[in-house]
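K.L.:
Below is the file input03.cif, with mmCIF, C-alpha atoms and all ligand atoms.
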```cif
data_input
#
loop_
_atom_site.group_PDB
_atom_site.id
_atom_site.type_symbol
_atom_site.label_atom_id
_atom_site.label_comp_id
_atom_site.auth_asym_id
_atom_site.auth_seq_id
_atom_site.Cartn_x
_atom_site.Cartn_y
_atom_site.Cartn_z
ATOM 1 C CA MET A 183 -99.064 23.619 1.690
ATOM 2 C CA SER A 184 -102.482 24.003 3.287
ATOM 3 C CA ASP A 185 -103.845 20.776 1.776
ATOM 4 C CA ARG A 186 -102.284 18.111 3.932
ATOM 5 C CA ASP A 187 -102.939 15.916 6.947
ATOM 6 C CA GLY A 188 -101.691 16.837 10.387
ATOM 7 C CA LYS A 189 -102.427 19.276 13.175
ATOM 8 C CA ILE A 190 -101.666 22.939 13.778
ATOM 9 C CA TRP A 191 -101.840 24.526 17.220
ATOM 10 C CA MET A 192 -104.092 27.536 16.900
ATOM 11 C CA ASP A 193 -105.070 29.769 19.833
ATOM 12 C CA GLY A 194 -104.757 26.971 22.352
ATOM 13 C CA GLN A 195 -106.245 24.095 20.372
ATOM 14 C CA MET A 196 -104.972 21.431 18.011
ATOM 15 C CA VAL A 197 -106.790 22.060 14.737
ATOM 16 C CA ASP A 198 -106.799 19.875 11.624
ATOM 17 C CA TRP A 199 -104.173 21.243 9.215
ATOM 18 C CA ARG A 200 -106.768 21.991 6.498
ATOM 19 C CA ASP A 201 -109.007 23.860 8.949
ATOM 20 C CA ALA A 202 -106.327 26.187 10.378
ATOM 21 C CA LYS A 203 -107.755 29.247 8.597
ATOM 22 C CA ILE A 204 -108.175 32.978 9.195
ATOM 23 C CA HIS A 205 -110.558 35.594 7.730
ATOM 24 C CA VAL A 206 -109.586 37.794 4.733
ATOM 25 C CA LEU A 207 -110.133 40.894 6.871
ATOM 26 C CA THR A 208 -107.390 39.868 9.292
ATOM 27 C CA HIS A 209 -105.533 43.037 10.314
ATOM 28 C CA THR A 210 -102.031 41.552 9.853
ATOM 29 C CA LEU A 211 -102.873 40.515 6.289
ATOM 30 C CA HIS A 212 -103.610 44.163 5.423
ATOM 31 C CA TYR A 213 -100.962 46.080 7.369
ATOM 32 C CA GLY A 214 -98.210 43.540 8.059
ATOM 33 C CA CYS A 215 -97.959 43.910 11.815
ATOM 34 C CA GLY A 216 -97.194 40.469 13.206
ATOM 35 C CA ALA A 217 -94.219 38.484 14.438
ATOM 36 C CA PHE A 218 -92.949 34.992 13.966
ATOM 37 C CA GLU A 219 -90.184 32.558 14.754
ATOM 38 C CA GLY A 220 -88.303 29.938 12.815
ATOM 39 C CA VAL A 221 -87.306 27.060 15.058
ATOM 40 C CA ARG A 222 -85.813 23.653 14.344
ATOM 41 C CA ALA A 223 -86.091 20.314 16.067
ATOM 42 C CA TYR A 224 -83.505 17.621 15.438
ATOM 43 C CA LYS A 225 -83.421 13.892 15.943
ATOM 44 C CA THR A 226 -80.635 13.551 18.506
ATOM 45 C CA ALA A 227 -77.987 10.914 19.235
ATOM 46 C CA ASP A 228 -80.141 9.063 21.823
ATOM 47 C CA GLY A 229 -82.976 8.686 19.311
ATOM 48 C CA SER A 230 -85.196 11.364 20.848
ATOM 49 C CA THR A 231 -86.322 14.527 19.061
ATOM 50 C CA ALA A 232 -85.381 17.833 20.674
ATOM 51 C CA ILE A 233 -86.187 21.451 19.855
ATOM 52 C CA PHE A 234 -83.012 23.539 19.620
ATOM 53 C CA ARG A 235 -82.871 26.602 21.896
ATOM 54 C CA LEU A 236 -86.638 26.616 22.330
ATOM 55 C CA GLU A 237 -86.609 29.074 25.230
ATOM 56 C CA GLU A 238 -84.466 31.603 23.364
ATOM 57 C CA HIS A 239 -86.799 31.448 20.356
ATOM 58 C CA THR A 240 -89.852 31.932 22.548
ATOM 59 C CA ASP A 241 -88.153 34.821 24.349
ATOM 60 C CA ARG A 242 -87.427 36.462 20.988
ATOM 61 C CA LEU A 243 -91.038 35.950 19.884
ATOM 62 C CA PHE A 244 -92.274 37.729 23.010
ATOM 63 C CA ASN A 245 -89.698 40.488 22.527
ATOM 64 C CA SER A 246 -90.800 40.918 18.906
ATOM 65 C CA ALA A 247 -94.409 41.194 20.089
ATOM 66 C CA LYS A 248 -93.399 43.699 22.774
ATOM 67 C CA ILE A 249 -91.604 45.867 20.204
ATOM 68 C CA LEU A 250 -94.709 45.712 17.986
ATOM 69 C CA ARG A 251 -96.958 46.560 20.979
ATOM 70 C CA MET A 252 -98.807 43.268 20.740
ATOM 71 C CA ALA A 253 -99.784 41.422 23.923
ATOM 72 C CA ILE A 254 -99.592 37.680 23.275
ATOM 73 C CA PRO A 255 -102.508 36.127 25.200
ATOM 74 C CA PHE A 256 -100.472 33.059 26.230
ATOM 75 C CA THR A 257 -97.573 32.509 28.616
ATOM 76 C CA LYS A 258 -94.113 31.559 27.410
ATOM 77 C CA GLU A 259 -94.624 28.155 29.047
ATOM 78 C CA GLN A 260 -97.797 27.624 27.023
ATOM 79 C CA VAL A 261 -95.999 28.608 23.815
ATOM 80 C CA ASN A 262 -93.114 26.245 24.606
ATOM 81 C CA GLU A 263 -95.552 23.426 25.332
ATOM 82 C CA ALA A 264 -97.471 24.179 22.137
ATOM 83 C CA GLN A 265 -94.287 23.743 20.104
ATOM 84 C CA LYS A 266 -93.426 20.428 21.708
ATOM 85 C CA ALA A 267 -96.998 19.240 21.275
ATOM 86 C CA VAL A 268 -97.046 20.113 17.563
ATOM 87 C CA VAL A 269 -93.911 18.055 16.905
ATOM 88 C CA ARG A 270 -95.337 15.111 18.870
ATOM 89 C CA GLU A 271 -98.808 15.360 17.374
ATOM 90 C CA ASN A 272 -97.469 15.353 13.792
ATOM 91 C CA LYS A 273 -95.065 12.496 14.625
ATOM 92 C CA LEU A 274 -92.119 14.491 13.321
ATOM 93 C CA GLU A 275 -88.452 13.867 13.976
ATOM 94 C CA SER A 276 -86.128 16.525 12.485
ATOM 95 C CA CYS A 277 -88.382 19.388 11.458
ATOM 96 C CA TYR A 278 -88.947 23.128 11.217
ATOM 97 C CA LEU A 279 -91.412 24.943 13.477
ATOM 98 C CA ARG A 280 -93.203 28.169 12.698
ATOM 99 C CA PRO A 281 -94.855 30.039 15.576
ATOM 100 C CA LEU A 282 -96.650 33.199 14.398
ATOM 101 C CA THR A 283 -98.594 35.864 16.256
ATOM 102 C CA TRP A 284 -101.013 38.134 14.418
ATOM 103 C CA ILE A 285 -103.725 40.749 14.900
ATOM 104 C CA GLY A 286 -107.261 39.512 14.323
ATOM 105 C CA ASP A 287 -110.270 40.455 12.211
ATOM 106 C CA LYS A 288 -112.387 42.404 14.703
ATOM 107 C CA LYS A 289 -111.807 45.692 12.886
ATOM 108 C CA LEU A 290 -109.708 47.277 10.142
ATOM 109 C CA GLY A 291 -107.926 50.632 10.062
ATOM 110 C CA VAL A 292 -104.277 51.141 10.908
ATOM 111 C CA SER A 293 -104.804 51.256 14.676
ATOM 112 C CA PRO A 294 -104.990 47.737 16.071
ATOM 113 C CA LYS A 295 -106.520 49.018 19.329
ATOM 114 C CA GLY A 296 -109.452 46.874 20.384
ATOM 115 C CA ASN A 297 -108.491 44.039 18.082
ATOM 116 C CA THR A 298 -107.563 40.519 19.199
ATOM 117 C CA ILE A 299 -104.098 38.943 19.203
ATOM 118 C CA HIS A 300 -103.670 35.354 18.032
ATOM 119 C CA LEU A 301 -100.962 32.726 17.965
ATOM 120 C CA MET A 302 -100.372 29.575 15.987
ATOM 121 C CA VAL A 303 -97.621 26.963 15.747
ATOM 122 C CA ALA A 304 -97.110 24.709 12.736
ATOM 123 C CA ALA A 305 -94.310 22.199 12.083
ATOM 124 C CA TRP A 306 -93.198 20.206 9.065
ATOM 125 C CA ALA A 307 -90.171 18.358 7.732
ATOM 126 C CA TRP A 308 -87.820 20.800 6.005
ATOM 127 C CA GLY A 309 -84.310 19.892 4.852
ATOM 128 C CA ALA A 310 -81.339 22.180 4.198
ATOM 129 C CA TYR A 311 -82.750 25.656 3.359
ATOM 130 C CA LEU A 312 -79.976 26.524 0.911
ATOM 131 C CA GLY A 313 -79.564 22.934 -0.256
ATOM 132 C CA GLU A 314 -77.452 19.970 0.912
ATOM 133 C CA GLU A 315 -74.962 20.842 -1.798
ATOM 134 C CA GLY A 316 -74.771 24.414 -0.461
ATOM 135 C CA LEU A 317 -73.891 23.125 3.013
ATOM 136 C CA LYS A 318 -70.961 21.190 1.551
ATOM 137 C CA ARG A 319 -69.704 23.322 -1.318
ATOM 138 C CA GLY A 320 -70.870 26.791 -0.351
ATOM 139 C CA ILE A 321 -73.371 29.070 -2.065
ATOM 140 C CA ARG A 322 -73.200 31.931 -4.540
ATOM 141 C CA VAL A 323 -74.353 35.265 -3.134
ATOM 142 C CA LYS A 324 -74.995 38.647 -4.682
ATOM 143 C CA THR A 325 -75.251 42.030 -2.986
ATOM 144 C CA SER A 326 -78.818 43.247 -3.345
ATOM 145 C CA SER A 327 -79.700 46.643 -4.789
ATOM 146 C CA TYR A 328 -82.243 46.895 -1.941
ATOM 147 C CA THR A 329 -81.026 48.412 1.348
ATOM 148 C CA ARG A 330 -81.682 46.547 4.604
ATOM 149 C CA HIS A 331 -84.050 48.249 7.041
ATOM 150 C CA HIS A 332 -82.835 51.270 8.927
ATOM 151 C CA VAL A 333 -82.994 50.702 12.690
ATOM 152 C CA ASN A 334 -85.546 53.503 13.106
ATOM 153 C CA ILE A 335 -87.889 52.631 10.248
ATOM 154 C CA THR A 336 -89.011 49.093 10.874
ATOM 155 C CA MET A 337 -87.746 47.664 14.123
ATOM 156 C CA THR A 338 -84.882 45.383 13.228
ATOM 157 C CA GLN A 339 -84.737 43.463 16.517
ATOM 158 C CA ALA A 340 -88.308 42.287 15.980
ATOM 159 C CA LYS A 341 -88.728 39.274 13.735
ATOM 160 C CA ALA A 342 -91.627 41.168 12.251
ATOM 161 C CA VAL A 343 -93.688 39.844 9.353
ATOM 162 C CA SER A 344 -93.371 43.173 7.513
ATOM 163 C CA ASN A 345 -89.559 43.116 7.619
ATOM 164 C CA TYR A 346 -89.670 40.217 5.183
ATOM 165 C CA THR A 347 -90.970 42.200 2.209
ATOM 166 C CA ASN A 348 -87.445 43.606 2.027
ATOM 167 C CA SER A 349 -86.034 40.063 2.293
ATOM 168 C CA ILE A 350 -88.381 38.775 -0.408
ATOM 169 C CA LEU A 351 -87.434 41.576 -2.833
ATOM 170 C CA ALA A 352 -83.722 41.016 -2.263
ATOM 171 C CA ASN A 353 -83.978 37.251 -2.545
ATOM 172 C CA MET A 354 -86.110 37.371 -5.721
ATOM 173 C CA GLU A 355 -83.821 39.931 -7.321
ATOM 174 C CA VAL A 356 -80.704 37.775 -6.987
ATOM 175 C CA THR A 357 -82.228 34.316 -7.409
ATOM 176 C CA ASP A 358 -83.751 35.514 -10.710
ATOM 177 C CA GLU A 359 -80.167 36.079 -11.806
ATOM 178 C CA GLY A 360 -79.147 32.572 -10.757
ATOM 179 C CA TYR A 361 -77.591 33.315 -7.366
ATOM 180 C CA ASP A 362 -78.538 31.345 -4.255
ATOM 181 C CA GLU A 363 -79.097 34.170 -1.786
ATOM 182 C CA ALA A 364 -78.888 37.941 -1.333
ATOM 183 C CA LEU A 365 -76.596 39.961 0.900
ATOM 184 C CA LEU A 366 -78.057 43.274 2.058
ATOM 185 C CA LEU A 367 -76.188 46.419 3.038
ATOM 186 C CA ASP A 368 -77.414 48.884 5.654
ATOM 187 C CA SER A 369 -78.432 52.454 4.835
ATOM 188 C CA SER A 370 -74.792 53.582 5.233
ATOM 189 C CA GLY A 371 -73.545 50.914 2.824
ATOM 190 C CA PHE A 372 -72.113 48.533 5.424
ATOM 191 C CA VAL A 373 -72.794 44.808 5.387
ATOM 192 C CA SER A 374 -75.964 43.958 7.312
ATOM 193 C CA GLU A 375 -77.193 40.390 6.726
ATOM 194 C CA GLY A 376 -78.625 37.927 4.245
ATOM 195 C CA ALA A 377 -82.313 37.886 3.333
ATOM 196 C CA GLY A 378 -82.836 35.379 6.145
ATOM 197 C CA GLU A 379 -79.365 34.836 7.609
ATOM 198 C CA ASN A 380 -76.608 36.512 9.593
ATOM 199 C CA ILE A 381 -73.194 36.718 7.954
ATOM 200 C CA PHE A 382 -69.708 35.956 9.263
ATOM 201 C CA VAL A 383 -66.351 36.484 7.526
ATOM 202 C CA ILE A 384 -62.985 35.060 8.474
ATOM 203 C CA LYS A 385 -59.685 36.815 7.868
ATOM 204 C CA ASN A 386 -56.317 35.635 9.180
ATOM 205 C CA GLY A 387 -57.982 33.309 11.675
ATOM 206 C CA VAL A 388 -60.246 35.989 13.204
ATOM 207 C CA ILE A 389 -64.018 35.844 12.738
ATOM 208 C CA TYR A 390 -65.946 39.052 12.069
ATOM 209 C CA THR A 391 -69.676 39.705 12.021
ATOM 210 C CA PRO A 392 -71.648 42.963 11.715
ATOM 211 C CA ASP A 393 -72.761 44.468 14.999
ATOM 212 C CA LEU A 394 -76.524 44.738 15.370
ATOM 213 C CA SER A 395 -76.577 48.471 14.615
ATOM 214 C CA ALA A 396 -76.263 47.418 10.955
ATOM 215 C CA GLY A 397 -79.908 46.349 11.232
ATOM 216 C CA ALA A 398 -79.217 42.618 11.407
ATOM 217 C CA LEU A 399 -81.453 40.340 13.447
ATOM 218 C CA ASN A 400 -79.944 39.086 16.708
ATOM 219 C CA GLY A 401 -79.756 35.549 15.380
ATOM 220 C CA ILE A 402 -79.869 32.609 17.725
ATOM 221 C CA THR A 403 -77.574 30.642 15.404
ATOM 222 C CA ARG A 404 -75.278 33.690 15.403
ATOM 223 C CA ASN A 405 -75.146 33.432 19.195
ATOM 224 C CA THR A 406 -74.535 29.666 18.958
ATOM 225 C CA VAL A 407 -71.538 30.406 16.705
ATOM 226 C CA PHE A 408 -70.197 32.800 19.365
ATOM 227 C CA HIS A 409 -70.161 29.880 21.828
ATOM 228 C CA ILE A 410 -68.605 27.505 19.289
ATOM 229 C CA ALA A 411 -65.855 29.988 18.402
ATOM 230 C CA LYS A 412 -65.006 30.437 22.078
ATOM 231 C CA ASP A 413 -64.770 26.661 22.516
ATOM 232 C CA LEU A 414 -62.468 26.468 19.470
ATOM 233 C CA GLY A 415 -60.277 29.276 20.818
ATOM 234 C CA LEU A 416 -61.223 31.603 17.951
ATOM 235 C CA ASP A 417 -61.856 35.319 18.388
ATOM 236 C CA ILE A 418 -65.085 36.906 17.142
ATOM 237 C CA VAL A 419 -65.178 40.639 16.534
ATOM 238 C CA GLN A 420 -68.474 42.483 16.005
ATOM 239 C CA LYS A 421 -67.861 45.533 13.848
ATOM 240 C CA ARG A 422 -68.881 47.469 10.752
ATOM 241 C CA ILE A 423 -67.938 45.435 7.684
ATOM 242 C CA THR A 424 -67.672 46.691 4.106
ATOM 243 C CA ARG A 425 -68.575 44.602 1.085
ATOM 244 C CA ASP A 426 -64.983 44.660 -0.136
ATOM 245 C CA GLU A 427 -63.864 43.197 3.206
ATOM 246 C CA VAL A 428 -66.045 40.230 2.276
ATOM 247 C CA TYR A 429 -64.458 40.042 -1.203
ATOM 248 C CA ILE A 430 -60.978 39.655 0.318
ATOM 249 C CA ALA A 431 -61.994 37.443 3.263
ATOM 250 C CA ASP A 432 -60.446 33.978 3.539
ATOM 251 C CA GLU A 433 -63.868 32.454 4.221
ATOM 252 C CA ALA A 434 -67.448 33.541 4.814
ATOM 253 C CA PHE A 435 -70.638 31.835 5.923
ATOM 254 C CA PHE A 436 -74.292 32.509 6.625
ATOM 255 C CA THR A 437 -76.084 31.380 9.775
ATOM 256 C CA GLY A 438 -79.760 30.926 10.512
ATOM 257 C CA THR A 439 -82.185 28.423 11.925
ATOM 258 C CA ALA A 440 -83.257 27.480 8.408
ATOM 259 C CA ALA A 441 -79.827 28.019 6.761
ATOM 260 C CA GLU A 442 -77.896 26.444 9.693
ATOM 261 C CA VAL A 443 -74.208 27.134 8.890
ATOM 262 C CA THR A 444 -73.910 27.604 5.120
ATOM 263 C CA PRO A 445 -70.544 28.489 3.538
ATOM 264 C CA ILE A 446 -70.445 31.326 0.986
ATOM 265 C CA ARG A 447 -68.102 30.601 -1.902
ATOM 266 C CA GLU A 448 -68.765 33.648 -4.033
ATOM 267 C CA LEU A 449 -70.005 37.230 -3.623
ATOM 268 C CA ASP A 450 -70.826 39.364 -6.676
ATOM 269 C CA ARG A 451 -68.981 36.860 -8.893
ATOM 270 C CA ILE A 452 -65.813 37.290 -6.841
ATOM 271 C CA THR A 453 -64.484 34.005 -5.466
ATOM 272 C CA LEU A 454 -64.004 34.083 -1.697
ATOM 273 C CA GLY A 455 -60.821 32.393 -0.510
ATOM 274 C CA GLU A 456 -60.434 29.011 -2.206
ATOM 275 C CA GLY A 457 -64.010 29.128 -3.498
ATOM 276 C CA SER A 458 -65.177 26.231 -1.362
ATOM 277 C CA ARG A 459 -66.100 25.526 2.262
ATOM 278 C CA GLY A 460 -63.099 26.832 4.215
ATOM 279 C CA PRO A 461 -61.415 24.949 7.091
ATOM 280 C CA VAL A 462 -62.658 27.271 9.875
ATOM 281 C CA THR A 463 -66.199 27.248 8.488
ATOM 282 C CA GLU A 464 -66.070 23.456 8.319
ATOM 283 C CA LYS A 465 -65.020 23.223 11.983
ATOM 284 C CA ILE A 466 -67.786 25.574 13.075
ATOM 285 C CA GLN A 467 -70.343 23.793 10.933
ATOM 286 C CA SER A 468 -69.427 20.400 12.281
ATOM 287 C CA ALA A 469 -69.467 21.683 15.898
ATOM 288 C CA PHE A 470 -72.910 23.169 15.171
ATOM 289 C CA PHE A 471 -74.300 19.859 13.885
ATOM 290 C CA ASP A 472 -72.817 18.049 16.899
ATOM 291 C CA ILE A 473 -74.599 20.439 19.264
ATOM 292 C CA VAL A 474 -78.014 20.299 17.567
ATOM 293 C CA GLY A 475 -77.683 16.535 17.160
ATOM 294 C CA GLY A 476 -77.100 16.029 20.899
ATOM 295 C CA ARG A 477 -73.459 14.952 20.497
ATOM 296 C CA ASN A 478 -71.992 17.681 22.711
ATOM 297 C CA PRO A 479 -73.033 17.279 26.371
ATOM 298 C CA LYS A 480 -71.899 20.823 27.206
ATOM 299 C CA TYR A 481 -74.939 22.140 25.352
ATOM 300 C CA ALA A 482 -77.491 19.512 26.374
ATOM 301 C CA HIS A 483 -79.440 22.307 28.109
ATOM 302 C CA TRP A 484 -80.158 23.831 24.671
ATOM 303 C CA LEU A 485 -82.155 20.759 23.650
ATOM 304 C CA SER A 486 -85.787 20.537 24.759
ATOM 305 C CA LYS A 487 -87.051 17.015 24.281
ATOM 306 C CA VAL A 488 -90.516 16.878 22.837
HETATM 307 N N1 LIG B 1 -81.559 37.488 9.829
HETATM 308 C C1 LIG B 1 -82.771 37.324 9.291
HETATM 309 C C2 LIG B 1 -83.351 38.405 8.453
HETATM 310 C C3 LIG B 1 -83.477 36.136 9.493
HETATM 311 O O1 LIG B 1 -84.689 35.959 8.954
HETATM 312 C C4 LIG B 1 -82.907 35.108 10.268
HETATM 313 C C5 LIG B 1 -83.644 33.825 10.487
HETATM 314 N N2 LIG B 1 -84.481 33.906 11.609
HETATM 315 C C6 LIG B 1 -81.630 35.314 10.816
HETATM 316 C C7 LIG B 1 -80.990 36.535 10.573
HETATM 317 C C8 LIG B 1 -80.968 34.274 11.650
HETATM 318 O O2 LIG B 1 -81.608 34.143 12.892
HETATM 319 P P1 LIG B 1 -81.668 32.754 13.656
HETATM 320 O O3 LIG B 1 -80.274 32.240 13.700
HETATM 321 O O4 LIG B 1 -82.182 33.104 14.998
HETATM 322 O O5 LIG B 1 -82.573 31.866 12.904
#
```
Take the structure in the file and give it back as structure tokens.
P.N.:
Amino acid sequence: MSDRDGKIWMDGQMVDWRDAKIHVLTHTLHYGCGAFEGVRAYKTADGSTAIFRLEEHTDRLFNSAKILRMAIPFTKEQVNEAQKAVVRENKLESCYLRPLTWIGDKKLGVSPKGNTIHLMVAAWAWGAYLGEEGLKRGIRVKTSSYTRHHVNITMTQAKAVSNYTNSILANMEVTDEGYDEALLLDSSGFVSEGAGENIFVIKNGVIYTPDLSAGALNGITRNTVFHIAKDLGLDIVQKRITRDEVYIADEAFFTGTAAEVTPIRELDRITLGEGSRGPVTEKIQSAFFDIVGGRNPKYAHWLSKV
């Protein structure tokens, strides 16, 4: 994906896409200490393009960097502006944005002290992460044999580059067997999250999601669903969830910036509920697309026009 036209914002400058390069001795490439965000912009009802919950994503990026003891050499305002500029510069409408901060190539060795910290933002058109069909019909998920990070091994509230080796292993393991995505359990065997998504289950009209002590990322889409559920008069309970609670749930779905709201129709070859997108999931999904598409004025403040 490096060989294409367009611009990438790199350390304060718009750089030609093909020239946005780093050195092979880049610290983050060797030791995996870096942080990133996944952000989406949507074409909204009035024809403009807006980045969804830009400030919350930038806040999380700075929090990730803080946890990883990295001082981003830009202000949040500069990082917000960079994201808007990248969408404009590449003439994108609905798209995905990837801000990433990394440690430079001044020296190697585990300690990053004395090294430089960098930041880039790229954006490109990216459709439904788990497929259009998945959004409508639901996806097939398998519990991974890999355990999700323990909260005191890697830092689970940082969207750290290195946390994704675990996601990659889990995703490859189950997609090799024909499933769409992996579900990971925490080190005590409770449900944590998908390889790149938070999980929700619905039983008897109540929505449940793992609390963050299960090592799940504090997802921004997860938080959006909290607001949607409140508007719909539905209760959300954050608690420890077992995999068999998912098996006997009426409905389940994944959330994420890339995955949006994706129904889960099967876990470990056990059909969940009716084996299709359930009615509560459908309501939440449609409310979600109304909000990101600028069709719900209550949440207009979540849309940053580019
Ligand atoms: N968990 C993991 C591991 C993720 O990678 C993501 C995607 N960022 C999420 C949860 C969902 O977070 P968000 O809704 O903020 O995209």
K.L.:
Using only C-alpha atoms and all ligand atoms, which residues have at least one atom no more than 10 Å from ligand LIG 1 (chain B)? Output them as a PyMOL selection string.
P.N.:
chain A and resi 218-222+235+238-239+242+330-331+338-343+345-346+348-349+366+374-381+397-407+436-443
K.L.:
Step by step, work through what the PyMOL selection byres (((chain A and resi 215) around 8) and not hetatm) selects in the shown file, and finish by giving those residues as a PyMOL selection string.
P.N.:
chain A and resi 209-210+213-214+216-217+250+284-285+342-344
K.L.:
Would you mind listing what lies within 10 Å of Tyr224 (chain A) as a PyMOL selection string, with only C-alpha atoms counted and same-chain residues fewer than 2 positions away left out?
P.N.:
chain A and resi 222+226-227+229-234+274-278+471+474-476+485+487
K.L.:
Which residues are close to region 449-457 of chain A, i.e. within 8 Å by only C-alpha atoms, leaving aside same-chain residues fewer than 6 positions away? Reply as a VMD selection string.
P.N.:
chain A and resid 320 322 to 325 428 to 434
K.L.:
Work out how far apart CA of Tyr361 (chain A) and CA of Val383 (chain A) are and give it in Å to one decimal.
P.N.:
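About the pair CA of Tyr361 (chain A) and CA of Val383 (chain A): they are 18.9 Å apart.
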K.L.:
Just to confirm, what's the straight-line distance from CA of Asp228 (chain A) to CA of Met196 (chain A) in Å (one decimal)?
P.N.:
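Taking CA of Asp228 (chain A) as the start and CA of Met196 (chain A) as the end point, the length is 28.0 Å.
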K.L.:
Go through A:Asp358, A:Ala223, A:Ile254, A:Phe435 and flag the residue nearest Trp308 (chain A), using all atoms listed in the file for the distances.
P.N.:
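With all atoms listed in the file as the atom set, the closest residue is A:Ala223.
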K.L.:
Could you work out an axis-aligned bounding box for all listed atoms of region 381-395 of chain A, with 4 Å added on each of the six sides, and give its centre and edge lengths in Å to one decimal, as lines of an AutoDock Vina configuration file?
P.N.:
```
center_x = -66.4
center_y = 40.9
center_z = 11.4
size_x = 28.3
size_y = 23.2
size_z = 15.8
```
K.L.:
Could you pull the residues within 8 Å of Gly371 (chain A), counting only C-alpha atoms, minus those fewer than 3 positions along the same chain, as a VMD selection string?
P.N.:
chain A and resid 367 to 368 424
K.L.:
Residues near Ser468 (chain A), anyone? I mean within 12 Å using only C-alpha atoms, not counting same-chain ones fewer than 3 positions away, as a PyMOL selection string.
P.N.:
chain A and resi 317-318+407+410-411+414+442-445+459+461-465+471-475+477-478
K.L.:
Check which residues satisfy the PyMOL selection byres (((chain A and resi 269) around 9) and not hetatm) in the file shown, then give them as a tab-separated table (two decimals) with C-alpha atoms, in the coordinates of the input.
P.N.:
```tsv
chain	number	residue	atom	x	y	z
A	223	ALA	CA	-86.09	20.31	16.07
A	231	THR	CA	-86.32	14.53	19.06
A	233	ILE	CA	-86.19	21.45	19.86
A	264	ALA	CA	-97.47	24.18	22.14
A	265	GLN	CA	-94.29	23.74	20.10
A	266	LYS	CA	-93.43	20.43	21.71
A	267	ALA	CA	-97.00	19.24	21.28
A	268	VAL	CA	-97.05	20.11	17.56
A	270	ARG	CA	-95.34	15.11	18.87
A	271	GLU	CA	-98.81	15.36	17.37
A	272	ASN	CA	-97.47	15.35	13.79
A	273	LYS	CA	-95.06	12.50	14.62
A	274	LEU	CA	-92.12	14.49	13.32
A	275	GLU	CA	-88.45	13.87	13.98
A	277	CYS	CA	-88.38	19.39	11.46
A	279	LEU	CA	-91.41	24.94	13.48
A	304	ALA	CA	-97.11	24.71	12.74
A	305	ALA	CA	-94.31	22.20	12.08
A	306	TRP	CA	-93.20	20.21	9.06
A	488	VAL	CA	-90.52	16.88	22.84
```
K.L.:
Between A:Pro392, A:Pro294, A:Gly286, A:Pro479, which has the minimum distance to Phe372 (chain A) (counting all atoms listed in the file)?
P.N.:
A:Pro392
K.L.:
Just give me the gap between CA of Asn297 (chain A) and CA of Thr283 (chain A) in Å, one decimal is fine.
P.N.:
13.0 Å
K.L.:
Do a neighbour search on Gly415 (chain A) at 12 Å with all atoms listed in the file, toss out local chain neighbours closer than 2 positions, and write the hits as a tab-separated table (two decimals) with C-alpha atoms, in the frame of the given file.
P.N.:
```tsv
chain	number	residue	atom	x	y	z
A	387	GLY	CA	-57.98	33.31	11.68
A	388	VAL	CA	-60.25	35.99	13.20
A	389	ILE	CA	-64.02	35.84	12.74
A	408	PHE	CA	-70.20	32.80	19.36
A	409	HIS	CA	-70.16	29.88	21.83
A	410	ILE	CA	-68.60	27.50	19.29
A	411	ALA	CA	-65.86	29.99	18.40
A	412	LYS	CA	-65.01	30.44	22.08
A	413	ASP	CA	-64.77	26.66	22.52
A	417	ASP	CA	-61.86	35.32	18.39
A	418	ILE	CA	-65.08	36.91	17.14
A	462	VAL	CA	-62.66	27.27	9.88
A	465	LYS	CA	-65.02	23.22	11.98
A	466	ILE	CA	-67.79	25.57	13.08
```
K.L.:
Which protein, DNA or RNA residues have an atom at most 12 Å from (-101.8, 24.9, -0.3), counting all atoms listed in the file? List them as a PyMOL selection string.
P.N.:
chain A and resi 183-187+199-203
K.L.:
Which residues of region 199-269 of chain A come within 12 Å of region 287-290 of chain A, and for each one, what is the closest pair of atoms and their distance in Å to one decimal, counting only C-alpha atoms, sorted by chain and residue number, as a Markdown table?
P.N.:
```
| residue | atom | partner | partner_atom | distance |
| --- | --- | --- | --- | --- |
| A:Ile204 | CA | A:Asp287 | CA | 8.3 |
| A:His205 | CA | A:Asp287 | CA | 6.6 |
| A:Val206 | CA | A:Asp287 | CA | 8.0 |
| A:Leu207 | CA | A:Asp287 | CA | 5.4 |
| A:Thr208 | CA | A:Asp287 | CA | 4.1 |
| A:His209 | CA | A:Asp287 | CA | 5.7 |
| A:Thr210 | CA | A:Asp287 | CA | 8.6 |
| A:Leu211 | CA | A:Asp287 | CA | 9.5 |
| A:His212 | CA | A:Leu290 | CA | 8.3 |
| A:Tyr213 | CA | A:Leu290 | CA | 9.3 |
```
K.L.:
With all atoms listed in the file as the atoms that count, which of A:Ile423, A:Gly291, A:Lys225, A:Met252 lies nearest to Val373 (chain A)?
P.N.:
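Of the candidates, the smallest distance to Val373 (chain A) is held by A:Ile423.
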K.L.:
Which is closest to Glu237 (chain A) among A:Val261, A:Leu351, A:Ile335, A:Ile299, if we use all atoms listed in the file?
P.N.:
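The answer is A:Val261, which sits nearest to Glu237 (chain A).
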